[in-house]
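Peer 1: Structure file input.pdb, PDB, C-alpha atoms, is pasted below:
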MODEL        1
ATOM      1  CA  MET D   1      -7.470   3.496   9.136  1.00  0.00           C
ATOM      2  CA  PRO D   2      -9.046   6.817   8.074  1.00  0.00           C
ATOM      3  CA  LEU D   3      -6.632   9.558   7.162  1.00  0.00           C
ATOM      4  CA  LYS D   4      -7.074  13.023   8.627  1.00  0.00           C
ATOM      5  CA  PRO D   5      -8.315  15.540   6.025  1.00  0.00           C
ATOM      6  CA  ASN D   6      -5.383  17.631   4.782  1.00  0.00           C
ATOM      7  CA  GLY D   7      -3.082  15.512   6.965  1.00  0.00           C
ATOM      8  CA  ALA D   8       0.609  16.256   6.683  1.00  0.00           C
ATOM      9  CA  VAL D   9       3.508  13.819   6.835  1.00  0.00           C
ATOM     10  CA  CYS D  10       5.488  14.068  10.075  1.00  0.00           C
ATOM     11  CA  LYS D  11       8.672  12.387  11.236  1.00  0.00           C
ATOM     12  CA  VAL D  12       8.952  10.449  14.469  1.00  0.00           C
ATOM     13  CA  ARG D  13      12.362   9.825  15.996  1.00  0.00           C
ATOM     14  CA  GLU D  14      13.256   6.370  17.261  1.00  0.00           C
ATOM     15  CA  GLN D  15      12.415   6.415  20.942  1.00  0.00           C
ATOM     16  CA  ILE D  16      10.797   4.575  23.817  1.00  0.00           C
ATOM     17  CA  VAL D  17       8.068   6.243  25.845  1.00  0.00           C
ATOM     18  CA  GLU D  18       6.981   4.717  29.156  1.00  0.00           C
ATOM     19  CA  ASP D  19       3.596   5.856  30.399  1.00  0.00           C
ATOM     20  CA  GLU D  20       3.567   5.101  34.105  1.00  0.00           C
ATOM     21  CA  ALA D  21      -0.141   5.961  34.477  1.00  0.00           C
ATOM     22  CA  SER D  22      -1.282   3.254  32.048  1.00  0.00           C
ATOM     23  CA  GLY D  23       1.687   0.912  32.444  1.00  0.00           C
ATOM     24  CA  LEU D  24       2.224   0.905  28.668  1.00  0.00           C
ATOM     25  CA  ILE D  25       5.498   1.199  26.784  1.00  0.00           C
ATOM     26  CA  LEU D  26       5.452   2.782  23.301  1.00  0.00           C
ATOM     27  CA  GLN D  27       8.491   1.945  21.199  1.00  0.00           C
ATOM     28  CA  PHE D  28       9.027   3.719  17.870  1.00  0.00           C
ATOM     29  CA  GLU D  29      11.562   2.071  15.553  1.00  0.00           C
ATOM     30  CA  CYS D  30      12.683   2.598  11.980  1.00  0.00           C
ATOM     31  CA  ASP D  31      13.298  -0.495   9.857  1.00  0.00           C
ATOM     32  CA  ASN D  32      14.325   0.000   6.204  1.00  0.00           C
ATOM     33  CA  GLY D  33      12.659   3.426   6.158  1.00  0.00           C
ATOM     34  CA  ARG D  34       9.415   2.152   7.639  1.00  0.00           C
ATOM     35  CA  THR D  35       8.200   3.190  11.069  1.00  0.00           C
ATOM     36  CA  ARG D  36       7.146   0.486  13.494  1.00  0.00           C
ATOM     37  CA  LEU D  37       5.220   1.211  16.697  1.00  0.00           C
ATOM     38  CA  THR D  38       5.276  -1.454  19.386  1.00  0.00           C
ATOM     39  CA  ILE D  39       2.832  -1.120  22.285  1.00  0.00           C
ATOM     40  CA  ALA D  40       3.730  -3.340  25.230  1.00  0.00           C
ATOM     41  CA  GLY D  41       2.599  -3.757  28.809  1.00  0.00           C
ATOM     42  CA  ALA D  42       0.779  -5.949  31.276  1.00  0.00           C
ATOM     43  CA  ALA D  43      -2.392  -3.875  30.751  1.00  0.00           C
ATOM     44  CA  LEU D  44      -2.934  -5.417  27.302  1.00  0.00           C
ATOM     45  CA  PRO D  45      -5.161  -8.479  27.803  1.00  0.00           C
ATOM     46  CA  PHE D  46      -4.448 -10.065  24.395  1.00  0.00           C
ATOM     47  CA  GLY D  47      -0.693  -9.460  24.271  1.00  0.00           C
ATOM     48  CA  ASN D  48       1.602  -6.758  22.987  1.00  0.00           C
ATOM     49  CA  ARG D  49       0.649  -4.953  19.779  1.00  0.00           C
ATOM     50  CA  GLU D  50       2.579  -3.831  16.713  1.00  0.00           C
ATOM     51  CA  ILE D  51       1.687  -1.288  14.019  1.00  0.00           C
ATOM     52  CA  VAL D  52       3.814  -0.862  10.878  1.00  0.00           C
ATOM     53  CA  PHE D  53       3.564   2.232   8.681  1.00  0.00           C
ATOM     54  CA  ASP D  54       4.512   2.531   5.009  1.00  0.00           C
ATOM     55  CA  ASP D  55       6.854   5.132   3.482  1.00  0.00           C
ATOM     56  CA  GLU D  56       4.061   7.712   3.373  1.00  0.00           C
ATOM     57  CA  GLY D  57       2.982   7.235   6.984  1.00  0.00           C
ATOM     58  CA  ARG D  58      -0.103   5.133   6.316  1.00  0.00           C
ATOM     59  CA  GLU D  59      -0.828   2.010   8.333  1.00  0.00           C
ATOM     60  CA  ALA D  60       0.569  -0.960   6.423  1.00  0.00           C
ATOM     61  CA  ALA D  61       0.009  -3.717   8.994  1.00  0.00           C
ATOM     62  CA  ALA D  62      -1.164  -4.190  12.564  1.00  0.00           C
ATOM     63  CA  GLY D  63      -1.608  -7.055  14.945  1.00  0.00           C
ATOM     64  CA  THR D  64      -0.303  -8.972  17.914  1.00  0.00           C
ATOM     65  CA  LEU D  65       3.458  -8.719  18.368  1.00  0.00           C
ATOM     66  CA  VAL D  66       4.905 -12.000  17.102  1.00  0.00           C
ATOM     67  CA  ARG D  67       8.442 -11.456  18.314  1.00  0.00           C
ATOM     68  CA  LYS D  68       9.242 -11.126  22.007  1.00  0.00           C
ATOM     69  CA  PHE D  69       9.303  -7.566  23.343  1.00  0.00           C
ATOM     70  CA  ARG D  70      12.721  -6.873  24.764  1.00  0.00           C
ATOM     71  CA  ARG D  71      13.579  -3.919  26.941  1.00  0.00           C
ATOM     72  CA  PRO D  72      16.874  -2.345  25.797  1.00  0.00           C
ATOM     73  CA  SER D  73      19.688  -2.562  28.353  1.00  0.00           C
ATOM     74  CA  TRP D  74      20.744   1.034  27.620  1.00  0.00           C
ATOM     75  CA  LEU D  75      17.319   2.460  28.585  1.00  0.00           C
ATOM     76  CA  THR D  76      17.561   5.100  31.318  1.00  0.00           C
ATOM     77  CA  LYS D  77      15.006   7.549  32.693  1.00  0.00           C
ATOM     78  CA  VAL D  78      15.022  11.098  31.342  1.00  0.00           C
ATOM     79  CA  LYS D  79      14.801  13.782  34.026  1.00  0.00           C
TER      80      LYS D  79
ENDMDL
END
What would you get if you wrote out this structure as structure tokens?
Peer 2:
Amino acid sequence: MPLKPNGAVCKVREQIVEDEASGLILQFECDNGRTRLTIAGAALPFGNREIVFDDEGREAAAGTLVRKFRRPSWLTKVK
């Protein structure tokens, strides 16, 4: 993945974003200091996707989500 010229490192909090217009769910997680982005939804014809970033924010891996996407039971809508 190309890096933006003069790109800065930014932090992303663990969160789940549901985009009702596209039907996609974006889930940001932190696992051992690495950020993982899971993209899930019925709109994805080849299955849910997963992108893992290294410690410096660069893409380290990407592909079809191998594990089952699970919706957290504590998830509530923000108003």
Peer 1: At what distance in Å, to one decimal, does CA of Asn48 in chain D lie from CA of Leu24 in chain D?
Peer 2: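 Between CA of Leu24 in chain D and CA of Asn48 in chain D the gap is 9.6 Å.
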Peer 1: Need to verify the contact set: range 3-15 of chain D, 6 Å, all atoms listed in the file, exclusion of same-chain residues closer than 3 positions in sequence. Can you return it as a PDB file with C-alpha atoms, in the coordinates of the input?
Peer 2:
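Listed below is the output, part.pdb:
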ATOM      1  CA  GLN D  27       8.491   1.945  21.199  1.00  0.00           C
ATOM      2  CA  PHE D  28       9.027   3.719  17.870  1.00  0.00           C
ATOM      3  CA  GLU D  29      11.562   2.071  15.553  1.00  0.00           C
TER       4      GLU D  29
END
Peer 1: From the options D:Asp19, D:Asp31, D:Asp55, D:Ala61, which residue's atoms come nearest to Ala43 in chain D, counting only C-alpha atoms?
Peer 2: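 Once distances to Ala43 in chain D are computed over only C-alpha atoms, the minimum belongs to D:Asp19.
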Peer 1: Report the distance between CA of Arg34 in chain D and CA of Phe53 in chain D in Å, rounded to one decimal place.
Peer 2: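 Atom-to-atom, CA of Arg34 in chain D and CA of Phe53 in chain D are spaced 5.9 Å apart.
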Peer 1: Please compute the CA of Ile51 in chain D-CA of Ala21 in chain D distance, one decimal, in Å.
Peer 2: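 Those two atoms sit 21.8 Å apart.
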Peer 1: Give me the result of the PyMOL selection byres ((chain D and resi 47) around 12) on this file, residue by residue, as an mmCIF file with C-alpha atoms, keeping the file's coordinate frame.
Peer 2:
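Output file part.cif follows:
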data_model
loop_
_atom_site.group_PDB
_atom_site.id
_atom_site.type_symbol
_atom_site.label_atom_id
_atom_site.label_comp_id
_atom_site.auth_asym_id
_atom_site.auth_seq_id
_atom_site.Cartn_x
_atom_site.Cartn_y
_atom_site.Cartn_z
ATOM 1 C CA LEU D 24 2.224 0.905 28.668
ATOM 2 C CA THR D 38 5.276 -1.454 19.386
ATOM 3 C CA ILE D 39 2.832 -1.120 22.285
ATOM 4 C CA ALA D 40 3.730 -3.340 25.230
ATOM 5 C CA GLY D 41 2.599 -3.757 28.809
ATOM 6 C CA ALA D 42 0.779 -5.949 31.276
ATOM 7 C CA ALA D 43 -2.392 -3.875 30.751
ATOM 8 C CA LEU D 44 -2.934 -5.417 27.302
ATOM 9 C CA PRO D 45 -5.161 -8.479 27.803
ATOM 10 C CA PHE D 46 -4.448 -10.065 24.395
ATOM 11 C CA ASN D 48 1.602 -6.758 22.987
ATOM 12 C CA ARG D 49 0.649 -4.953 19.779
ATOM 13 C CA GLU D 50 2.579 -3.831 16.713
ATOM 14 C CA GLY D 63 -1.608 -7.055 14.945
ATOM 15 C CA THR D 64 -0.303 -8.972 17.914
ATOM 16 C CA LEU D 65 3.458 -8.719 18.368
ATOM 17 C CA VAL D 66 4.905 -12.000 17.102
ATOM 18 C CA ARG D 67 8.442 -11.456 18.314
ATOM 19 C CA LYS D 68 9.242 -11.126 22.007
ATOM 20 C CA PHE D 69 9.303 -7.566 23.343
#
Peer 1: Taking all atoms of range 42-46 of chain D that appear in the file, build a box with edges along x, y and z, extend it by 6 Å on every side, and state its centre and edge lengths in Å to one decimal, as JSON.
Peer 2:
{"center_x": -2.2, "center_y": -7.0, "center_z": 27.8, "size_x": 17.9, "size_y": 18.2, "size_z": 18.9}
Peer 1: My list of candidates is D:Leu37, D:Leu26, D:Glu20, D:Asn32. Which is closest to Ala62 in chain D when distances are computed with all atoms listed in the file?
Peer 2: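 That would be D:Leu37, the residue with the smallest distance to Ala62 in chain D.
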